Each structure stands twice: as C-alpha cells, then as structure tokens.
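Please read the structure below before turning to the comments.
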Amino acid sequence: MAEVSCRKVVKEYDGGVQAVKGIDLDIADHEFVVLVGPSGCGKSTTLRMIAGLEEITSGEIWIGGDVVNDVPPRDRDIAMVFQNYALYPHMSVFDNMAFGLKLRKFPKEEIKRRVDEAARILDIGMLLERKPRAVSGGQRQRVAMGRAIVRNPKVFLFDEPLSNLDAKLRVQMRTEIKKVHQTVKTTTVYVTHDQIEAMTLADRVVVMNHGIIEQVGSPAEVYHHPTSRFVAGFIGSPAMNFLPCHIEEAGGGGLSVRVNSAIQVAIPAERTARYMPFKGKEMVFGIRPEHLTQRKEEDRPGFEPLDLLVDVVEPMGMETMVHFFVDGAPICARLDPATNAEPEKMLGLTADMNQMHIMEKDTGKVIY
Amino acid sequence: MAESSSISVGSAAAGATRTSSMKRFAQRRSTTAFLLCLPLILLVAVFVIYPAFYAIYLSMLNKKMTAFVGLGNFAFLLKRHTFQLVIFQSCLFAITAVVMKALLGFILAHLMHNIPSGNQKIWRGLLLVPWVIPLALSTLTWWWMFDPSYSAFNWVLNQFGLANVPWLGVGWIARLCTITVNIWFGTPFFMIMYLAALKSVPEQLYEAASIDGATARQKLVHVTLPMMRNIISITILFSLITTFADFDIVRILTSGGPQDMTHVFATYAFQVGIQSGDIPLGASDSLFMFPILACAAFFVLRGVTQRTKEIAA
Amino acid sequence: MSTTTLDARASAKRRKTSLHSQRLWALWGSYAALAVFVVIFLVPPFYTVVTSLKSSAEISAQVGSPWMVNHPTLDNFWYLITYPNFQTYYLNSAMITAVTVVVSMTISVMAAFSLSRMGFWGSQTLSTGVFLTYLVPPSLLFIPLFQIVGMMGLINNLWCLALLYPTLAVPFCTWIMIGYFSSIPRELDEAALIDGASYIQILLKIFIPVAMPGIIAATIFAFTVAWGAFLYPLAYLYTSSQMVLTVGIISDLIRGDVFQWGKIMAACLLASLPPIVIYAFLMDYYVAGLTAGATKG
C-alpha cells in the first residue's frame with residue numbers, strides 16, 4: 001500500500017510531440033483515482049509512466065515514498081490490468097496468476113494460498129485449470145485482476161480494462177472492480193475514456209485533455225462544479241448544452257443571459273454580483289439537459305421560461321430526450337416520458353438557472 | 001522556502017546519478033538486443049556478404065588466379081556462343097515457367113476455393129505432393145520417365161500409334177522438358193499462396209458486388225484481382241528469383257546438353273567453375289545473375305513493404 | 001394482381017432451382033478439374049513407386065506396360081537398407097539436417113525476438129538485410145564459397161554443410177519468426193515485465209510457447225532446406241563416406257552407363273519419406289507460416 005505522486009511529469013516522444021505536458025498529481029494511500037479524458041489526452045501515457053513501461057522525459061514519479069523514475073517495472077511493486085487482458089495464452093488460469101510469484105521465487109504453498117484467495121475474491125475458483133481462450137470475456141477480465149491481486153502490490157494500475165466487454169458485462173464488472181477495491185483497499189489508478197465509469201468508480205476523478213490535467217475532484221465536484229468548459233462538456237451524458245451569449249442588464253438591477261433576439265433568460269439574483277464584471281462580454285451559457293424541464297404552472301423562482309422548436313424526440317423509457325436547434329447549436333433536454341413534445345412544434349421549457357454555468361468564450365473558464 | 005530549495009538540490013543530485021543509471025539500463029537493453037542478433041550478423045557477414053565481394057574479386061582473375069584481368073572474363077563470356085545460349089535459356093526457362101506456374105496456380109486456387117473447406121485439406125495434401133518431395137529426388141524420376149530407351153511416356157505415345165519422342169535428346173524438346181518439371185514442382189506453391197490470398201478477401205465484398213449486379217467474371221476482375229494484386233506480384237517476383245537461379249532440374253535431367261542448349265547460369269557456372277576448374281570464369285558467370293536478381297529483389301521488397309503497410313492500416 | 005404474384009413466385013422458384021443447379025455444376029466441375037490436376041501431379045510419384053517395386057530384370061525386359069508391376073518385389077528396398085553406403089548417406093543427411101535445424105532455429109529465434117521487440121541502432125536495416133539475404137539463391141555464391149570452404153580445409157568434409165545450410169535457412173526462418181513475434185500483443189510482454197520477467201525470460205517463457213506454430217513452420221522450412229539441398233553437397237563433397245542422400249543416390253547408383261533404376265527409385269522413395277511424413281502431420285502449420293503475409297492478421 002502506498003501513495004503515488006507525479007511532479008511536473010513530461011513525456012515527449014521522438015519528434016518533439018508532447019503527450020504529457022507536465023502534470024502534478026498526488027494520490028493518497030488506498031485511494032481510487034480515475035484518469036479520464038478523450039483519446040490522445042495523455043491518460044494512458046501517464047499510467048504507463050507510473051508503470052515504468054514508458055520512460056519519463058522530465059519530472060519525477062514517486063511510489064510509496066521513493067522516486068521510481070529509473071526503477072524498472074518489475075521492481076516498482078505494481079500490478080497492471082490491460083485492456084485486452086494480456087493473459088498468457090499458453091498458461092492455465094492458475095499459472096497466469098502464479099507467473100509473477102513464480103518469477104519472484106515464492107514458495108509453492110504460498111503461491112497456491114494466494115491464488116486460491118484471489119480466486120475466491122473474484123469467484124473464479126472453478127476456472128483455475130482452464131486456458132484463457134476457454135473462458136469468457138468477463139472471466140478473462142477477472143483473471144487479469146486476479147493476476148494483479150495475488151502479487152499484493154503497492155499500486156493497481158488499470159488501463160481501460162472494460163473497453164473490450166459488451167455493455168451489459170461492463171456494468172457488471174464495474175461493480176466487481178469497486179467491490180474488489182473495497183476488499184483489498186490497494187491504491188488504484190484507473191484509466192478510462194468513459195466518464196460514467198469514472199464517475200461510478202472514483203474517489204477522485206482526474207479529467208485530462210491535451211496532455212494536461214483540467215480538473216481533479218470528487219465525482220460530485222467535477223459534475224456540479226466543473227472548472228472549465230471542457231470538463232463541463234466531457235462529464236455528464238448527454239453532454240451539457242452550450243450556447244454563445246451576452247450578459248445583459250435586465251430590469252431591476254438584475255442580469256440576464258441574451259442568446260439571440262428571441263431568447264433571453266434571467267439570471268438568479270444571488271449570482272448578479274458574480275457575473276457583473278462580464279456584462280456586455282461574449283460568454284458561453286451552459287446548462288445540462290436535466291436542468292431543462294417542461295414548463296408547469298407552479299414553477300419556482302430561478303426557473304426561467306424558454307420556448308424552443310422541437311427537432312427530434314427520443315423516448316428512452318424512463319425519460320425522453322428532446323432535441324432542439326438554437327442558431328445551429330444542438331440543444332438537448334431530458335424530459336419526463338409523459339411529455340407531449342412533438343417534432344416541428346414549439347415546446348415550453350423552463351431552465352433551472354440555479355444550475356447553469358457561464359464561462360468565458362476564449363479560455364473556457366467557468367465563472368464562479 | 002529554504003527547505004524546499006535544499007530538497008530540490010538533493011533531488012537534482014540524485015537525478016544526475018539516476019540518469020546515468022537509466023542510461024546504463026537502456027544501454028544494457030540494446031546491448032542484449034545486439035548480442036541476440038550477433039550470430040545472425042556473423043553468419044550473414046561471413047557466408048553471404050564476404051563471399052559476394054570475394055566473388056567480384058575472383059571474377060576479375062585469370063584462370064590460374066595469378067593475374068588480374070579486370071572485366072576480361074565478362075567480355076569473354078559475352079562473346080561466347082554457349083554463354084549467349086545460357087542467357088537465352090535462363091530467361092526462357094524462368095519466364096515461361098513462372099508464367100505457367102502463376103496461371104496454373106491461380107486456376108488451382110480458384111478450383112480449391114470452390115469446394116467446401118472441409119474437403120480442401122485432403123485435396124491440398126494431394127496437390128502439394130510435388131512440392132514436398134525434394135526436387136533433386138523427384139527430378140530423378142522425371143529423368144527416368146524421359147529415358148531414351150525405356151521412356152514410360154513413349155510407351156503411352158506408342159499405344160496411340162505415335163512415334164517415340166527423343167525427350168532429352170533434342171535441344172528444344174529438352175528445354176520444354178526442363179520447363180515442364182519446374183512447372184510441375186512449383187505450381188503447388190503458387191496455389192497455396194493464392195488460396196490464402198483468396199480466403200483473405202472478405203465475403204461481403206463479393207456479396208456487395210453480387211447485389212450491384214456483377215457477373216462472375218466482373219467479380220474476378222474488379223474484386224478478386226485487385227485484392228490479390230500485391231500477393232500475386234510478390235509471389236511471381238519471388239518465384240522468378242528461385243526459378244532463374246534453378247540448378248537441380250537442369251543439372252540432373254540434361255547437365256546442360258544437348259549441345260549446351262539447356263544450360264542455365266547455375267549449371268553453366270558449375271560446369272565451368274567446379275568441373276573444369278576455371279573458378280574466375282564460373283564466378284563471373286554466376287555474377288551475371290546478380291543484376292536480374294537485384295531488380296526482382298527490389299520489387300519484391302517494395303511489394304512486401306506495401307503489403308505490410310496495408311496490413312497495418 | 002394475384003396472378004402476377006403467382007407468376008413472380010414461380011419465376012423466383014425457377015431462378016432458385018437454376019441457381020442451385022448452377023452451383024452444383026460449379027462444384028462438381030471443380031472436383032473434376034481438381035481430379036485431373038491431381039492425376040497429372042501424381043504421375044511421377046506413382047511411377048517412382050511402380051519402378052521401385054520392379055526387379056532390374058523386369059525393367060530391362062520391357063514387356064507390357066511400364067506403368068504396371070508384374071512381379072512386385074521389395075528386393076530394391078532390402079538391398080538399400082542393408083547397403084552400408086546408403087546407410088551412411090541417410091545418417092549423414094540426418095545429422096546435417098538436425099544440426100542445421102538446431103543452429104538455424106537458435107540463431108533466428110534470438111534474432112527475431114531482438115528485431116521484433118527490443119530493437120537497437122540499425123535493427124530496422126538489419127531486418128531488411130535479412131529479407132534480402134533470403135532472396136540470395138545458393139547458385140549465386142557457390143563458387144566463392146567453394147574457395148572459402150577450401151581455405152577452411154573443409155572441402156569433402158560433411159560438416160562444411162552444417163556451416164553453409166544455415167545461411168539458406170536462417171533468413172527465412174527469422175522472417176517467419178519476426179512475423180509471429182510481431183503478432184503477439186505488446187501488452188503480453190508488458191504484463192510479463194511487470195510480473196518481473198527479464199527479456200530472456202520473456203523470450204523463453206512467453207514468446208517461444210506462444211509462437212509455437214511459427215516455430216514449427218520455421219523448423220519445417222529449415223528441415224526442408226537441409227534435407228533437399230543439392231548444389232552444395234554436389235560441389236563440395238566427393239567421397240561416399242561424406243555424401244548426403246541427394247547426391248549419394250546419383251553418384252552411387254549410377255555407374256557410368258549402368259542405371260539401376262529400380263534401386264534409384266527405391267532410394268528416392270526412402271529419401272523422400274521423412275519430408276512426406278513431416279508434411280503429412282504438420283502441413284497446416286507450414287502453410288500457415290508461409291502464407292502469413294498473404295492473409296491479414
């Protein structure tokens with residue numbers, strides 16, 4: 001068990017392409033941290049540098065109080081689970097899990113004890129004699145995790161471990177991974193491009209983009225208080241709606257968001273001070289689909305009316321997605337399935353302005 | 001502040017030693033890599049590269065290897081009628097045989113592709129027999145079948161009331177015989193290469209072509225051939241090299257006769273260099289193969305690189 | 001309306017049956033054509049077998065069809081099996097082939113691992129060079145090699161072949177192995193690295209077992225080259241104690257104008273036996289190895 005730290009870590013590939021542009025990150029003991037971001041954001045490279053599979057161009061990586069920059073992977077006391085499982089195809093499940101221990105010259109009984117224990121945790125005891133190709137995808141993933149668990153390493157590293165599974169199995173294994181972490185409590189760094197995985201698994205989410213860290217925070221923090229337009233748009237599905245706007249003075253000293261000549265929504269009074277400095281500037285208005293609801297009679301304060309022309313209606317059972325276009329920008333609302341929205345007709349919505357975000361157009365910085 | 005700076009100094013010093021140990025680690029890795037390749041490098045250097053340059057040196061000596069004659073051997077060879085025959089026969093042999101092998105192999109691959117894959121294995125096994133038997137041994141059987149007085153082929157011809165054919169006794173017939181044996185031996189190789197390529201063409205392409213209204217011939221021209229183009233050219237060029245440099249068939253069937261009409265570069269080099277003991281002349285004869293081989297090798301390599309890129313893409 | 005649908009259905013049915021019969025014709029046509037090819041291809045091996053079963057007297061008598069055996073006898077085989085020279089050739093071939101296979105495979109597996117996974121300065125050039133070496137035919141360099149073998153004092157010494165055959169086998173074996181090793185996902189060696197394996201352990205415990213089909217294919221290739229090579233032994237060996245099968249059969253059983261065809265054919269059969277047995281069992285691996293570049297993946 002150990003903490004992991006990255007200090008100004010840079011990875012530059014031959015030809016000067018920087019995959020990771022100097023990141024700082026501290027991961028506490030027992031913590032489950034998820035690195036999330038679009039492909040090419042540097043999250044896998046970061047993980048592989050922690051694993052020792054990629055050399056670090058500059059900066060330092062600490063594991064359990066030691067700088068490990070030039071410690072080879074086998075001496076870092078880490079275990080890794082790969083996207084395609086990377087099980088040794090010619091070895092039985094037992095031998096796959098035992099391989100690392102055998103190389104470290106553990107006594108036979110100890111190996112057996114540890115493998116059996118891991119197999120019990122993961123419920124794969126009946127597969128131990130089989131070859132990897134004779135077990136299903138989800139089971140392979142368990143074996144790969146078992147191979148990590150038996151080593152009892154300081155850190156678990158997961159590199160998109162669920163991407164090769166079908167949707168149903170993915171949800172199941174997600175729960176499984178969380179359960180295993182609750183049992184063994186090993187410090188875990190987990191890489192994924194799937195923000196739902198990140199939200200459900202993480203103690204803390206690290207959102208990365210273009211080789212830098214955009215935001216670090218608990219799932220609730222990154223969801224409700226994104227610091228940048230990128231995080232706001234990346235976390236949450238369907239994604240947050242963005243509309244270019246101006247901040248305008250409204251009657252009574254209040255402010256409002258002016259989207260175009262037809263659309264203007266009032267900003268709640270308690271946010272007036274926050275947005276006052278940006279009056280008249282080009283900003284971006286962001287609101288999540290679930291904060292756009294169908295207008296009812298008894299709307300509370302802060303719920304502002306908005307009338308939009310319906311483009312497409314997508315019933316999903318427990319909710320209905322309704323899509324609109326405003327000046328060419330797609331807008332999505334997550335409505336009650338009882339909605340009477342119909343394509344090509346106007347629909348009266350209310351925007352929960354207490355939940356909206358205003359960000360700077362150029363920097364994407366969210367105004368708090 | 002002071003504390004943090006002292007830490008950074010310490011870590012910088014540690015960093016310096018670490019970098020060097022890191023370099024050592026990387027160096028050790030590439031040293032291991034190099035050592036693993038060393039036997040290969042030595043083998044190629046001693047038995048391929050050195051002999052190649054040595055051949056050039058040898059080819060410029062006189063017969064007793066006492067004097068340097070420059071390009072004299074090459075000029076001498078080119079003027080010699082026998083050697084002109086060698087050039088002609090080598091090209092005729094290689095081109096005719098490769099074209100026939102490519103054609104027959106293509107037909108066979110298609111026939112194999114038509115039958116259910118469960119039955120393909122046994123048919124493939126039977127068709128590969130010529131290619132499995134060592135060529136020097138199967139050529140002996142051909143020689144025996146072409147035997148002037150006991151020829152089994154002539155017996156068959158006689159049954160149909162035809163006269164005996166002097167298979168290996170007359171220049172042009174002997175030339176055809178050597179080519180036939182090469183076709184017989186080499187066709188299976190083309191078949192398996194083409195069959196593999198055929199199998200790699202996705203079935204959906206044919207289905208899409210069918211729906212677009214393509215006939216069987218159009219499918220062949222517009223789907224199969226473009227998809228196999230690279231493999232076809234690699235196989236042909238590769239076979240061109242081995243056929244061009246063939247030794248076993250001609251050596252055993254005719255030893256170059258009658259009247260040196262079936263000699264190819266390899267057998268002629270053997271006769272001049274080893275049997276008559278004129279090493280320099282033999283070496284220069286062999287070297288005549290080089291430009292043609294190099295040309296073919298260049299195109300093979302280009303094809304392989306392209307193919308690798310296609311697969312990677 | 002109903003008549004048109006009926007018509008359409010009927011014509012669809014007709015089309016279906018005609019499609020079906022077309023396919024059937026194509027299938028049986030293919031079988032017939034393949035059968036013709038097989039018969040033509042198998043004429044020489046068949047004739048080898050027929051002749052090997054005949055006595056010299058029957059061959060020279062020329063009575064009836066040469067394609068038939070009137071008095072089958074195993075005398076030719078018995079003669080060869082008890083003939084010391086033939087035993088020597090067989091043993092020599094087996095020894096040289098075994099050494100060639102072991103040496104070639106060791107060299108090429110090590111090199112292929114290094115070239116496909118570890119890499120060093122110039123390894124890309126070396127890969128290309130290896131492939132080019134594969135395209136060098138034995139008949140291009142046998143004359144300078146004759147001189148070199150002579151300088152080493154190995155003319156008419158069987159073991160010169162053990163030095164020379166690997167040059168014919170190693171390039172292609174390396175090429176096959178590079179292909180197989182490259183197809184092993186990189187995560188597998190990374191997992192092994194993290195599990196604590198050294199590069200040599202990765203090669204021995206992961207790569208060799210996983211790439212076994214490739215190893216088999218390359219081994220068969222090395223075997224084929226060493227067993228069937230003709231030019232080098234013909235050029236460099238001349239006493240029967242040093243000869244291998246391919247040249248021994250010719251030089252020993254053809255004395256001047258006397259061709260002992262029954263014995264020659266029996267010898268060919270016996271000499272072809274090892275390759276035929278190996279191919280019969282392992283053909284799939286070999287074909288897969290040869291055609292790896294022709295198919296994706």
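Letters A, B, ... mark the chains of the structure tokens in the order given; residue numbers begin at 1 per chain; ligand numbers begin at 1, in order shown.
Residues in contact with Ala220 (chain A) at up to 12 Å, not including ones fewer than 2 positions away on its chain and judged by only C-alpha atoms, are Ala198, Met199, Thr200, Ala202, Asp203, Arg204, Val205, Val216, Gly217, Ser218, Val222, Tyr223, His224, His225, Pro226, Ile235 and Gly236 of chain A.
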Using only C-alpha atoms, determine which residues lie at most 6 Å from region 163-173 of chain C, disregarding the query and same-chain residues fewer than 2 positions distant; provide the list as a PyMOL selection string. chain C and resi 100+104+108+130+134+160-161+175-176+218+222
Close residues, Ser127 (chain C) itself excluded, 10 Å, only C-alpha atoms, min 3 positions apart in chain, as a list in words: Ala111, Ala112, Leu115, Ser116, Gly122, Ser123, Gln124, Val130, Phe131, Leu132, Thr133, Pro171, Thr174, Trp175 and Ile178 of chain C
Using only C-alpha atoms and a distance of at most 10 Å, pull out the residues of chain A that contact chain B, as a ChimeraX atom specification. /A:55,59-60,67-72
Need to verify the contact set: Thr224 (chain C), 12 Å, only C-alpha atoms, exclusion of same-chain residues closer than 5 positions in sequence. Can you return it as an MDAnalysis selection string? (chainID B and resid 131:135) or (chainID C and resid 93:94 96:98 100:101 165:166 168:169 173 217:219 229:230 272 274:276 278:279 286)
Let me see the file: selected residues, C-alpha atoms, as a PDB file, in the first residue's frame.
```
ATOM      1  CA  TRP B 131       6.392 -29.636 -53.821  1.00  0.00           C
ATOM      2  CA  VAL B 132       7.037 -31.826 -50.767  1.00  0.00           C
ATOM      3  CA  ILE B 133       9.409 -34.309 -52.372  1.00  0.00           C
ATOM      4  CA  PRO B 134      12.962 -32.925 -52.526  1.00  0.00           C
ATOM      5  CA  LEU B 135      13.400 -31.580 -56.049  1.00  0.00           C
TER       6      LEU B 135
ATOM      7  CA  SER C  93      21.679 -36.386 -44.122  1.00  0.00           C
ATOM      8  CA  ALA C  94      20.001 -36.859 -40.762  1.00  0.00           C
ATOM      9  CA  ILE C  96      23.470 -32.461 -41.043  1.00  0.00           C
ATOM     10  CA  THR C  97      19.749 -31.733 -41.086  1.00  0.00           C
ATOM     11  CA  ALA C  98      19.473 -31.976 -37.305  1.00  0.00           C
ATOM     12  CA  THR C 100      21.155 -27.222 -39.374  1.00  0.00           C
ATOM     13  CA  VAL C 101      17.706 -27.114 -37.818  1.00  0.00           C
ATOM     14  CA  TYR C 165      22.989 -24.634 -44.815  1.00  0.00           C
ATOM     15  CA  PRO C 166      22.075 -22.174 -42.035  1.00  0.00           C
ATOM     16  CA  LEU C 168      19.950 -20.736 -46.614  1.00  0.00           C
ATOM     17  CA  ALA C 169      17.551 -21.403 -43.735  1.00  0.00           C
ATOM     18  CA  CYS C 173      13.169 -18.597 -40.513  1.00  0.00           C
ATOM     19  CA  ALA C 217       6.728 -23.650 -39.560  1.00  0.00           C
ATOM     20  CA  ALA C 218      10.266 -22.294 -39.428  1.00  0.00           C
ATOM     21  CA  THR C 219      11.632 -25.652 -38.284  1.00  0.00           C
ATOM     22  CA  ALA C 229      19.789 -29.240 -50.834  1.00  0.00           C
ATOM     23  CA  PHE C 230      21.659 -30.477 -53.881  1.00  0.00           C
ATOM     24  CA  SER C 272      11.519 -38.674 -49.535  1.00  0.00           C
ATOM     25  CA  PRO C 274      10.985 -38.057 -43.791  1.00  0.00           C
ATOM     26  CA  PRO C 275       9.706 -34.921 -45.551  1.00  0.00           C
ATOM     27  CA  ILE C 276       6.493 -36.674 -46.555  1.00  0.00           C
ATOM     28  CA  ILE C 278       6.582 -34.430 -41.563  1.00  0.00           C
ATOM     29  CA  TYR C 279       4.379 -32.666 -44.082  1.00  0.00           C
ATOM     30  CA  TYR C 286       3.837 -24.830 -42.558  1.00  0.00           C
TER      31      TYR C 286
END
```
Near Val180 (chain A), counting only C-alpha atoms, which residues have an atom at most 12 Å away, once you skip same-chain residues fewer than 2 positions from it, shown as a ChimeraX atom specification? /A:32,118-123,142,145-146,148-149,156,173-178,182-188,201
Env of Cys332 (chain A): 9 Å cut, atoms = only C-alpha atoms, seq-sep filter 5 positions within chain, self excluded. Answer as a PyMOL selection string. chain A and resi 238-241+288-290+292+321-325
Those residues you just picked out, can you put them in a file as an mmCIF file, in the first residue's frame with C-alpha atoms?
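Okay, out.cif is ready:
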```cif
data_model
loop_
_atom_site.group_PDB
_atom_site.id
_atom_site.type_symbol
_atom_site.label_atom_id
_atom_site.label_comp_id
_atom_site.auth_asym_id
_atom_site.auth_seq_id
_atom_site.Cartn_x
_atom_site.Cartn_y
_atom_site.Cartn_z
ATOM 1 C CA PRO A 238 -25.890 13.556 -22.662
ATOM 2 C CA ALA A 239 -23.381 16.384 -22.616
ATOM 3 C CA MET A 240 -24.045 19.863 -21.284
ATOM 4 C CA ASN A 241 -25.650 22.266 -23.737
ATOM 5 C CA ARG A 288 -27.278 20.368 -18.501
ATOM 6 C CA PRO A 289 -30.112 18.541 -20.293
ATOM 7 C CA GLU A 290 -31.693 17.522 -16.985
ATOM 8 C CA LEU A 292 -34.262 21.872 -18.895
ATOM 9 C CA MET A 321 -34.638 13.106 -24.849
ATOM 10 C CA VAL A 322 -35.888 16.041 -26.860
ATOM 11 C CA HIS A 323 -33.514 17.768 -29.262
ATOM 12 C CA PHE A 324 -33.701 21.359 -30.496
ATOM 13 C CA PHE A 325 -31.537 23.695 -32.526
#
```
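Closest approach to Ala162 (chain C) among C:Val136, C:Ile143, C:Met177, C:Val99 is made by C:Val99 (distances from only C-alpha atoms).
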Which chain C residues are at most 8 Å from chain A (counting only C-alpha atoms), as a ChimeraX atom specification? /C:185,187-188,190-197,206,209-210
